[in-house]
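Colleague: Dropping a structure here in structure tokens format, bear with me for questions.
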Amino acid sequence: MDLLPAQLLRKEETKVKENKTIGAVTEAPAPQRKSDNIIEIKGITKVFDGVTVLDDLSLGIKRGQFVTLLGPSGCGKTTLLRLIAGFETPTSGEIYIEGAPITSIPPYKRPVNTVFQKYALFPHLNVFKNVAFGLKLKKIPDPTRKKGYRKLTKKEIADKINRALKLVGLDDYGHRDVNSLSGGQQQRVAIARAIVCEPKVLLLDEPLGALDLKLRKEMQLELKKMHEDLGITFIFVTHDQEEALTMSDVVVVMNEGIIQQVARPKSIYDEPKNAFVADFIGESNILSGVMEKDFKIAFLGKSLTCVDKGFEKNEKVDIVIRPEDIRISAGHGQGHFDGEVLTSVFKGTYYEMDVLASDYEFTVQSQTEYRSGEKVSLEIVPDSIHIMKKILTINKYIGKVTGENAVSFCGGEFEMPTDGFETGDEVLVYVPFDAVELTDYESDGVIGANVTQSLYKGTYYQVQVYTDTDEDFYIDTADEWDPDDRVGVKIDGAKVRLEKYDPDKDETEAAE
Ligand code: ATP
């Protein structure tokens, strides 16, 4: 094989992200004792048909919390939930509930219950019987019986059902045909059915996804109230960031099967750990910058004071500035950047404006309106500049020299100087972000790939593409590409650096 797939490099990346994640967990106010965690997910990997959907993921979930798994479609949220529920088995890793491993325990024996987006109610049963379904099968310990357990009595079942229906606001609906209920009511029946068996953990897979916006908002509040009343752990899946921020004690932001950040909603918004989280959560201005020294950040040709320290001198970083944190005033010369308003839209309680300054289109929100064409100044106070470590600064692959000035990696043979190497040598290939070119037509590139992300970083777009050999390429480009665009990938070989590949050394490094 002329290359090792992404695993080695992915592990390096995962390592960085995990460390950050662990750091974020400590943002919770109370110090965590091990016993606080009702669920421990340790090193879970899930591979479907050769594709890694969850990549060495670890997470602790505290008892009684409302935890939301948030991320774009396909990032692996539902898969993680299904692994906890027992509908899927991990490829590797283990999940513990209350300290006990559960991988070999079937779903119905786990102390969890799931509410799905599609309510999955029995259409031929009324509300009462739908909720009763799980209870009729339930066995409770009874030392007076020979078997050590017994089934619930009719009265016990009825009491439990009535309590559950009351909790979801459907006290008098027991006799109703489920088909006669609205979407919101059907969803409540599904929730009642899940909580009636008194699970320790309730898993909710986009339970509000099928509801219209108004009902969805109402149900969000109701679910939160139910969580408080029940006092059990909720693990909620959504791709809606507003929903996640509104409802949760803790938000777990995921992308491509990897946890990006675990924190309270406010920290996720105010202190995003990387450019992905910043972009995914709310409106942001994301820029690239250089940390000149402690408390000094340079971007868009200016050097500004910030509140961050501890970076390497001149380390490249990502910067997030929220639109509501930028102070805008009329005329030039009043702030850090002089600009011109491009567009201005009233959003109900504030104006949202695009302001062109230093060749960057800032998004700015203000109570005061500045009209299109107006000259303005933008001031950015130290507190509002959020600095984030760049996860990767260069693309790195393992390849093989296949001839004079030819190196094979990521499923293609690329042209580049191979001085000092011989045909057959294994090499580490370092490809700067600005050495990659994307082409509209796949056939114009050396290999084909799919665009997975496009982030505007001030003066350029940082685009991420995923190759057919399971590798990521990051590209700095002036062009915007849409997620899911199929593109060709070319490389400017003159900018690439080769290094001898030493499997022992590089794999040890990756495993550490
Ligand atoms: P969404 O918000 O769209 O539901 P998600 O984050 O919940 O997305 P998952 O449903 O966990 O994502 O899917 C993650 C990836 O795993 C997707 O690419 C999906 O196609 C794939 N996948 C999930 N289940 C299976 C399966 N049983 N067989 C093969 N691939 C699967």
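By convention here, the chains of the structure tokens are called A, B, ... in the order presented, each chain's residues are numbered starting at 1, and ligands are numbered starting at 1 in the order presented.
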From a DSSP calculation on the backbone, collect every residue of range 126-324 of chain A in helix (DSSP H, G or I) and output the set as a PyMOL selection string.

Modeller: chain A and resi 127-137+154-167+178-180+183-195+213-230+241-247+265-270+275-280+323-324

Colleague: Deliver the residues from the most recent selection as a file, using C-alpha atoms, as a compact mmCIF listing (two decimals), in the first residue's frame.

Modeller:
# COMPACT_ATOMS: atom_id res chain seq x y z
CA VAL A 127 -53.55 6.65 24.48
CA PHE A 128 -53.82 4.66 27.73
CA LYS A 129 -52.93 1.36 26.06
CA ASN A 130 -50.06 2.93 24.15
CA VAL A 131 -48.54 4.13 27.40
CA ALA A 132 -49.36 0.84 29.16
CA PHE A 133 -47.46 -1.23 26.63
CA GLY A 134 -44.04 -1.30 28.32
CA LEU A 135 -45.53 -1.55 31.81
CA LYS A 136 -47.37 -4.77 31.07
CA LEU A 137 -44.03 -6.44 30.36
CA LYS A 154 -53.80 -3.41 37.04
CA LYS A 155 -54.12 -0.68 39.65
CA GLU A 156 -50.38 -0.06 39.79
CA ILE A 157 -50.31 0.17 36.00
CA ALA A 158 -53.25 2.59 35.93
CA ASP A 159 -51.68 4.78 38.64
CA LYS A 160 -48.37 4.96 36.83
CA ILE A 161 -50.04 5.76 33.51
CA ASN A 162 -52.17 8.49 35.01
CA ARG A 163 -49.11 10.03 36.63
CA ALA A 164 -47.18 9.93 33.36
CA LEU A 165 -50.09 11.40 31.37
CA LYS A 166 -50.43 14.16 33.95
CA LEU A 167 -46.73 14.94 33.63
CA VAL A 178 -53.99 8.28 19.07
CA ASN A 179 -54.87 9.04 15.44
CA SER A 180 -57.17 11.82 16.60
CA GLY A 183 -48.50 16.04 16.35
CA GLY A 184 -47.57 17.68 19.65
CA GLN A 185 -50.02 15.52 21.59
CA GLN A 186 -48.76 12.36 19.89
CA GLN A 187 -45.23 13.31 20.83
CA ARG A 188 -46.33 13.74 24.44
CA VAL A 189 -47.85 10.25 24.40
CA ALA A 190 -44.51 8.95 23.13
CA ILE A 191 -42.75 10.74 25.99
CA ALA A 192 -45.27 9.42 28.53
CA ARG A 193 -44.70 5.91 27.20
CA ALA A 194 -40.95 6.33 27.62
CA ILE A 195 -41.03 7.80 31.13
CA LEU A 213 -42.05 26.15 15.04
CA LYS A 214 -44.63 27.44 17.53
CA LEU A 215 -45.41 24.01 18.94
CA ARG A 216 -41.74 23.17 18.97
CA LYS A 217 -41.01 26.19 21.18
CA GLU A 218 -43.83 25.23 23.55
CA MET A 219 -42.66 21.65 23.75
CA GLN A 220 -39.08 22.79 24.43
CA LEU A 221 -40.27 24.51 27.60
CA GLU A 222 -42.46 21.57 28.55
CA LEU A 223 -39.63 19.10 28.08
CA LYS A 224 -37.42 21.22 30.27
CA LYS A 225 -40.10 21.29 32.95
CA MET A 226 -40.56 17.51 32.65
CA HIS A 227 -36.83 17.11 33.13
CA GLU A 228 -36.96 19.17 36.32
CA ASP A 229 -39.99 17.27 37.62
CA LEU A 230 -38.61 13.82 36.84
CA GLN A 241 -28.28 25.16 17.95
CA GLU A 242 -30.90 27.49 19.41
CA GLU A 243 -32.82 24.53 20.77
CA ALA A 244 -29.63 23.12 22.29
CA LEU A 245 -28.66 26.40 23.94
CA THR A 246 -32.17 26.99 25.32
CA MET A 247 -32.76 23.60 26.84
CA PRO A 265 -24.55 26.69 26.72
CA LYS A 266 -23.15 30.07 27.70
CA SER A 267 -19.55 28.87 27.47
CA ILE A 268 -20.25 27.26 24.11
CA TYR A 269 -21.50 30.60 22.83
CA ASP A 270 -19.03 32.91 24.57
CA ALA A 275 -13.70 27.82 14.43
CA PHE A 276 -16.15 24.98 13.75
CA VAL A 277 -18.03 25.53 17.03
CA ALA A 278 -17.99 29.30 16.56
CA ASP A 279 -19.42 28.99 13.08
CA PHE A 280 -22.01 26.40 14.03
CA PRO A 323 -21.60 40.67 15.92
CA GLU A 324 -23.20 42.11 19.06

Colleague: Neighbouring residues of Lys46 in chain A were defined as those with any atom within 8 Å, considering only C-alpha atoms; residues of the same chain fewer than 5 positions away were excluded. Please report them as a compact mmCIF listing (two decimals) with N, CA and C atoms, in the first residue's frame.

Modeller:
# COMPACT_ATOMS: atom_id res chain seq x y z
N THR A 52 -15.74 5.40 9.22
CA THR A 52 -15.72 5.67 10.66
C THR A 52 -16.71 6.78 10.98
N VAL A 53 -17.77 6.43 11.69
CA VAL A 53 -18.84 7.38 12.00
C VAL A 53 -18.61 8.03 13.37
N LEU A 54 -18.08 7.25 14.31
CA LEU A 54 -17.65 7.81 15.60
C LEU A 54 -16.20 7.40 15.79
N ASP A 55 -15.37 8.36 16.18
CA ASP A 55 -13.94 8.12 16.15
C ASP A 55 -13.32 8.25 17.55
N THR A 89 -24.06 -1.81 18.22
CA THR A 89 -22.93 -2.28 19.04
C THR A 89 -21.68 -1.53 18.59
N PRO A 90 -20.86 -1.07 19.54
CA PRO A 90 -19.66 -0.34 19.11
C PRO A 90 -18.65 -1.25 18.41
N THR A 91 -17.89 -0.68 17.49
CA THR A 91 -16.81 -1.43 16.84
C THR A 91 -15.69 -1.63 17.86
N SER A 92 -15.42 -0.60 18.64
CA SER A 92 -14.51 -0.75 19.79
C SER A 92 -14.91 0.26 20.85

Colleague: To check your reading of the model: which residues sit at most 6 Å from ligand 1 when counting only C-alpha atoms and all ligand atoms? Write the answer as a JSON list (two decimals) with C-alpha atoms, in the first residue's frame.

Modeller:
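Listed below is the output, result.json:
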[["chain", "number", "residue", "atom", "x", "y", "z"],
["A", 48, "PHE", "CA", -20.32, 1.32, 9.16],
["A", 53, "VAL", "CA", -18.84, 7.38, 12.00],
["A", 73, "SER", "CA", -26.55, 16.18, 9.93],
["A", 74, "GLY", "CA", -24.48, 13.02, 9.68],
["A", 75, "CYS", "CA", -22.02, 13.88, 12.48],
["A", 76, "GLY", "CA", -22.94, 10.74, 14.43],
["A", 77, "LYS", "CA", -25.38, 12.03, 17.09],
["A", 78, "THR", "CA", -28.06, 9.41, 16.50],
["A", 79, "THR", "CA", -25.46, 6.67, 16.26],
["A", 239, "HIS", "CA", -29.07, 19.80, 14.98]]

Colleague: Provide the CA of Thr477 in chain A to CA of Ser344 in chain A distance in Å, to one decimal place.

Modeller: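 Between these atoms lies a distance of 27.3 Å.
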
Colleague: Do a neighbour search on Gly403 in chain A at 10 Å with only C-alpha atoms, toss out local chain neighbours closer than 2 positions, and write the hits as a PyMOL selection string.

Modeller: chain A and resi 400-401+405-408+413+415+418+421-425

Colleague: With DSSP run on the backbone, what are the strand (DSSP E) residues within range 401-454 of chain A? I'd like them as a ChimeraX atom specification.

Modeller: /A:401-403,406-409,412-415,426-431,436-439,447-454

Colleague: How would the residues just chosen look if you wrote them out with C-alpha atoms as a PDB file, in the first residue's frame?

Modeller:
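So part31.pdb came out as:
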ATOM      1  CA  VAL A 401       7.701   8.259  -4.160  1.00  0.00           C
ATOM      2  CA  THR A 402       6.558   6.589  -7.384  1.00  0.00           C
ATOM      3  CA  GLY A 403       9.076   8.101  -9.803  1.00  0.00           C
ATOM      4  CA  ALA A 406       5.988  11.958  -8.531  1.00  0.00           C
ATOM      5  CA  VAL A 407       4.507  11.113  -5.136  1.00  0.00           C
ATOM      6  CA  SER A 408       1.438   9.003  -4.575  1.00  0.00           C
ATOM      7  CA  PHE A 409      -0.976   9.688  -1.679  1.00  0.00           C
ATOM      8  CA  GLY A 412      -3.621  10.019  -6.631  1.00  0.00           C
ATOM      9  CA  GLU A 413      -0.183  10.598  -8.066  1.00  0.00           C
ATOM     10  CA  PHE A 414       0.908  14.214  -7.600  1.00  0.00           C
ATOM     11  CA  GLU A 415       3.779  16.038  -9.252  1.00  0.00           C
ATOM     12  CA  GLU A 426       7.825   6.233   1.978  1.00  0.00           C
ATOM     13  CA  VAL A 427       7.507   9.918   2.811  1.00  0.00           C
ATOM     14  CA  LEU A 428       5.572  12.326   4.972  1.00  0.00           C
ATOM     15  CA  VAL A 429       3.986  14.886   2.676  1.00  0.00           C
ATOM     16  CA  TYR A 430       3.342  18.369   4.153  1.00  0.00           C
ATOM     17  CA  VAL A 431       0.883  20.326   2.006  1.00  0.00           C
ATOM     18  CA  VAL A 436      -4.163  23.119  -2.712  1.00  0.00           C
ATOM     19  CA  GLU A 437      -6.400  24.131  -5.592  1.00  0.00           C
ATOM     20  CA  LEU A 438      -9.967  22.964  -6.046  1.00  0.00           C
ATOM     21  CA  THR A 439     -11.426  22.558  -9.517  1.00  0.00           C
ATOM     22  CA  ILE A 447      -8.228  13.223  -7.322  1.00  0.00           C
ATOM     23  CA  GLY A 448     -11.895  13.837  -6.554  1.00  0.00           C
ATOM     24  CA  ALA A 449     -13.344  14.917  -3.193  1.00  0.00           C
ATOM     25  CA  ASN A 450     -16.484  16.257  -1.513  1.00  0.00           C
ATOM     26  CA  VAL A 451     -16.617  19.650   0.174  1.00  0.00           C
ATOM     27  CA  THR A 452     -17.583  19.204   3.829  1.00  0.00           C
ATOM     28  CA  GLN A 453     -17.179  22.732   5.199  1.00  0.00           C
ATOM     29  CA  SER A 454     -16.471  26.276   4.042  1.00  0.00           C
TER      30      SER A 454
END

Colleague: How many Å lie between CA of Asp177 in chain A and CA of Gly209 in chain A, rounded to one decimal?

Modeller: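 Taking CA of Asp177 in chain A as the start and CA of Gly209 in chain A as the end point, the length is 22.6 Å.
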
Colleague: Tell me which protein, DNA and RNA residues are within 9 Å of Gly99 in chain A, counting only C-alpha atoms, leaving out same-chain ones fewer than 5 positions away, and put them as a list in words.

Modeller: Ser35, Asn37, Ile38, Ile39 and Glu40 of chain A

Colleague: Go through A:Ala100, A:Leu202, A:Ile41, A:Cys197 and flag the residue nearest Thr233 in chain A, using only C-alpha atoms for the distances.

Modeller: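 Closest to Thr233 in chain A, using only C-alpha atoms: A:Leu202.
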
Colleague: Write out as a short mmCIF file (atom, residue, chain, number, x, y, z; two decimals) with N, CA, C and O atoms, in the first residue's frame each polymer residue whose atoms come within 12 Å of Ser377 in chain A, counting only C-alpha atoms; drop sequence neighbours fewer than 6 positions from it.

Modeller:
data_model
loop_
_atom_site.label_atom_id
_atom_site.label_comp_id
_atom_site.auth_asym_id
_atom_site.auth_seq_id
_atom_site.Cartn_x
_atom_site.Cartn_y
_atom_site.Cartn_z
N ILE A 326 -19.29 44.10 18.66
CA ILE A 326 -18.55 45.14 17.94
C ILE A 326 -19.24 46.49 18.16
O ILE A 326 -20.45 46.60 17.99
N ARG A 327 -18.45 47.47 18.57
CA ARG A 327 -19.04 48.81 18.77
C ARG A 327 -18.92 49.59 17.48
O ARG A 327 -17.81 49.77 16.95
N ILE A 328 -20.04 50.06 17.01
CA ILE A 328 -20.06 50.77 15.73
C ILE A 328 -20.44 52.23 15.98
O ILE A 328 -21.29 52.53 16.83
N SER A 329 -19.75 53.14 15.29
CA SER A 329 -20.09 54.56 15.45
C SER A 329 -19.96 55.25 14.10
O SER A 329 -19.29 54.75 13.18
N ALA A 330 -20.60 56.41 13.99
CA ALA A 330 -20.62 57.13 12.70
C ALA A 330 -19.27 57.79 12.42
O ALA A 330 -18.58 58.23 13.33
N GLY A 331 -18.92 57.82 11.14
CA GLY A 331 -17.70 58.51 10.71
C GLY A 331 -16.46 57.65 10.87
O GLY A 331 -16.50 56.60 11.51
N HIS A 332 -15.38 58.12 10.29
CA HIS A 332 -14.12 57.37 10.35
C HIS A 332 -13.24 57.87 11.50
O HIS A 332 -13.47 58.96 12.04
N GLY A 333 -12.25 57.05 11.86
CA GLY A 333 -11.24 57.48 12.82
C GLY A 333 -11.65 57.37 14.28
O GLY A 333 -10.95 57.85 15.17
N GLN A 334 -12.78 56.69 14.56
CA GLN A 334 -13.24 56.60 15.95
C GLN A 334 -12.86 55.26 16.62
O GLN A 334 -12.99 55.15 17.83
N GLY A 335 -12.48 54.28 15.82
CA GLY A 335 -12.26 52.94 16.40
C GLY A 335 -11.03 52.30 15.81
O GLY A 335 -10.07 52.98 15.44
N HIS A 336 -11.07 50.97 15.72
CA HIS A 336 -9.91 50.24 15.19
C HIS A 336 -9.96 50.10 13.68
O HIS A 336 -8.94 50.02 13.02
N PHE A 337 -11.17 50.00 13.14
CA PHE A 337 -11.30 49.80 11.69
C PHE A 337 -12.26 50.83 11.11
O PHE A 337 -13.34 51.04 11.67
N ASP A 338 -11.86 51.46 10.01
CA ASP A 338 -12.77 52.33 9.27
C ASP A 338 -13.46 51.49 8.22
O ASP A 338 -12.82 50.68 7.55
N GLY A 339 -14.78 51.70 8.05
CA GLY A 339 -15.48 50.89 7.07
C GLY A 339 -16.69 51.59 6.48
O GLY A 339 -16.97 52.75 6.79
N GLU A 340 -17.37 50.83 5.64
CA GLU A 340 -18.57 51.36 5.00
C GLU A 340 -19.67 50.31 5.12
O GLU A 340 -19.43 49.11 4.90
N VAL A 341 -20.88 50.77 5.46
CA VAL A 341 -21.99 49.83 5.61
C VAL A 341 -22.42 49.35 4.22
O VAL A 341 -22.66 50.16 3.32
N VAL A 355 -20.54 45.30 7.24
CA VAL A 355 -19.67 46.48 7.12
C VAL A 355 -18.36 46.04 6.50
O VAL A 355 -17.70 45.11 7.02
N LEU A 356 -17.99 46.68 5.40
CA LEU A 356 -16.71 46.34 4.76
C LEU A 356 -15.61 47.21 5.36
O LEU A 356 -15.65 48.43 5.28
N ALA A 357 -14.64 46.54 6.00
CA ALA A 357 -13.52 47.27 6.60
C ALA A 357 -12.28 46.41 6.45
O ALA A 357 -12.33 45.21 6.72
N SER A 358 -11.18 47.02 6.00
CA SER A 358 -9.93 46.29 5.76
C SER A 358 -10.17 45.02 4.93
O SER A 358 -9.65 43.95 5.25
N PHE A 362 -17.47 42.53 8.00
CA PHE A 362 -17.88 42.28 9.39
C PHE A 362 -19.40 42.21 9.45
O PHE A 362 -20.08 43.01 8.82
N VAL A 364 -22.24 43.09 11.98
CA VAL A 364 -22.33 43.90 13.20
C VAL A 364 -23.79 44.04 13.60
O VAL A 364 -24.65 44.24 12.73
N TYR A 370 -27.30 52.19 11.01
CA TYR A 370 -26.42 52.90 10.08
C TYR A 370 -26.80 52.39 8.70
O TYR A 370 -26.93 51.18 8.50
#

Colleague: Select, from A:Asp476, A:Glu499, A:Asp49, A:Asp56, the residue with the minimum atom-to-atom distance to Ile259 in chain A, counting only C-alpha atoms.

Modeller: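 Of A:Asp476, A:Glu499, A:Asp49, A:Asp56, the one nearest Ile259 in chain A is A:Asp56, counting only C-alpha atoms.
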
Colleague: Restricting the calculation to only C-alpha atoms, which member of A:Leu204, A:Asp359, A:Leu125, A:Asn255 is positioned closest to Leu57 in chain A?

Modeller: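 For Leu57 in chain A, the nearest of the candidates is A:Asn255.
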
Colleague: With distances taken over only C-alpha atoms, which of A:Asn126, A:Gln260, A:Thr114, A:Thr45 is nearest to Arg176 in chain A?

Modeller: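 Of A:Asn126, A:Gln260, A:Thr114, A:Thr45, the one nearest Arg176 in chain A, counting only C-alpha atoms, is A:Asn126.
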
Colleague: Of the candidates A:Ile235, A:Gln117, A:Gln65, A:Ile140, which one gets nearest to Ile84 in chain A if we count only C-alpha atoms?

Modeller: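 Going through A:Ile235, A:Gln117, A:Gln65, A:Ile140 one by one, the smallest distance to Ile84 in chain A is for A:Ile235.
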
Colleague: Could you work out how far CA of Val317 in chain A lies from CA of Val290 in chain A, giving the answer in Å with one decimal?

Modeller: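 Taking CA of Val290 in chain A as the start and CA of Val317 in chain A as the end point, the length is 5.7 Å.
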
Colleague: My list of candidates is A:Tyr108, A:Tyr350, A:Tyr360, A:Tyr501. Which is closest to Lys139 in chain A when distances are computed with only C-alpha atoms?

Modeller: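 Answer, going by the shortest atom-to-atom distance: A:Tyr108.
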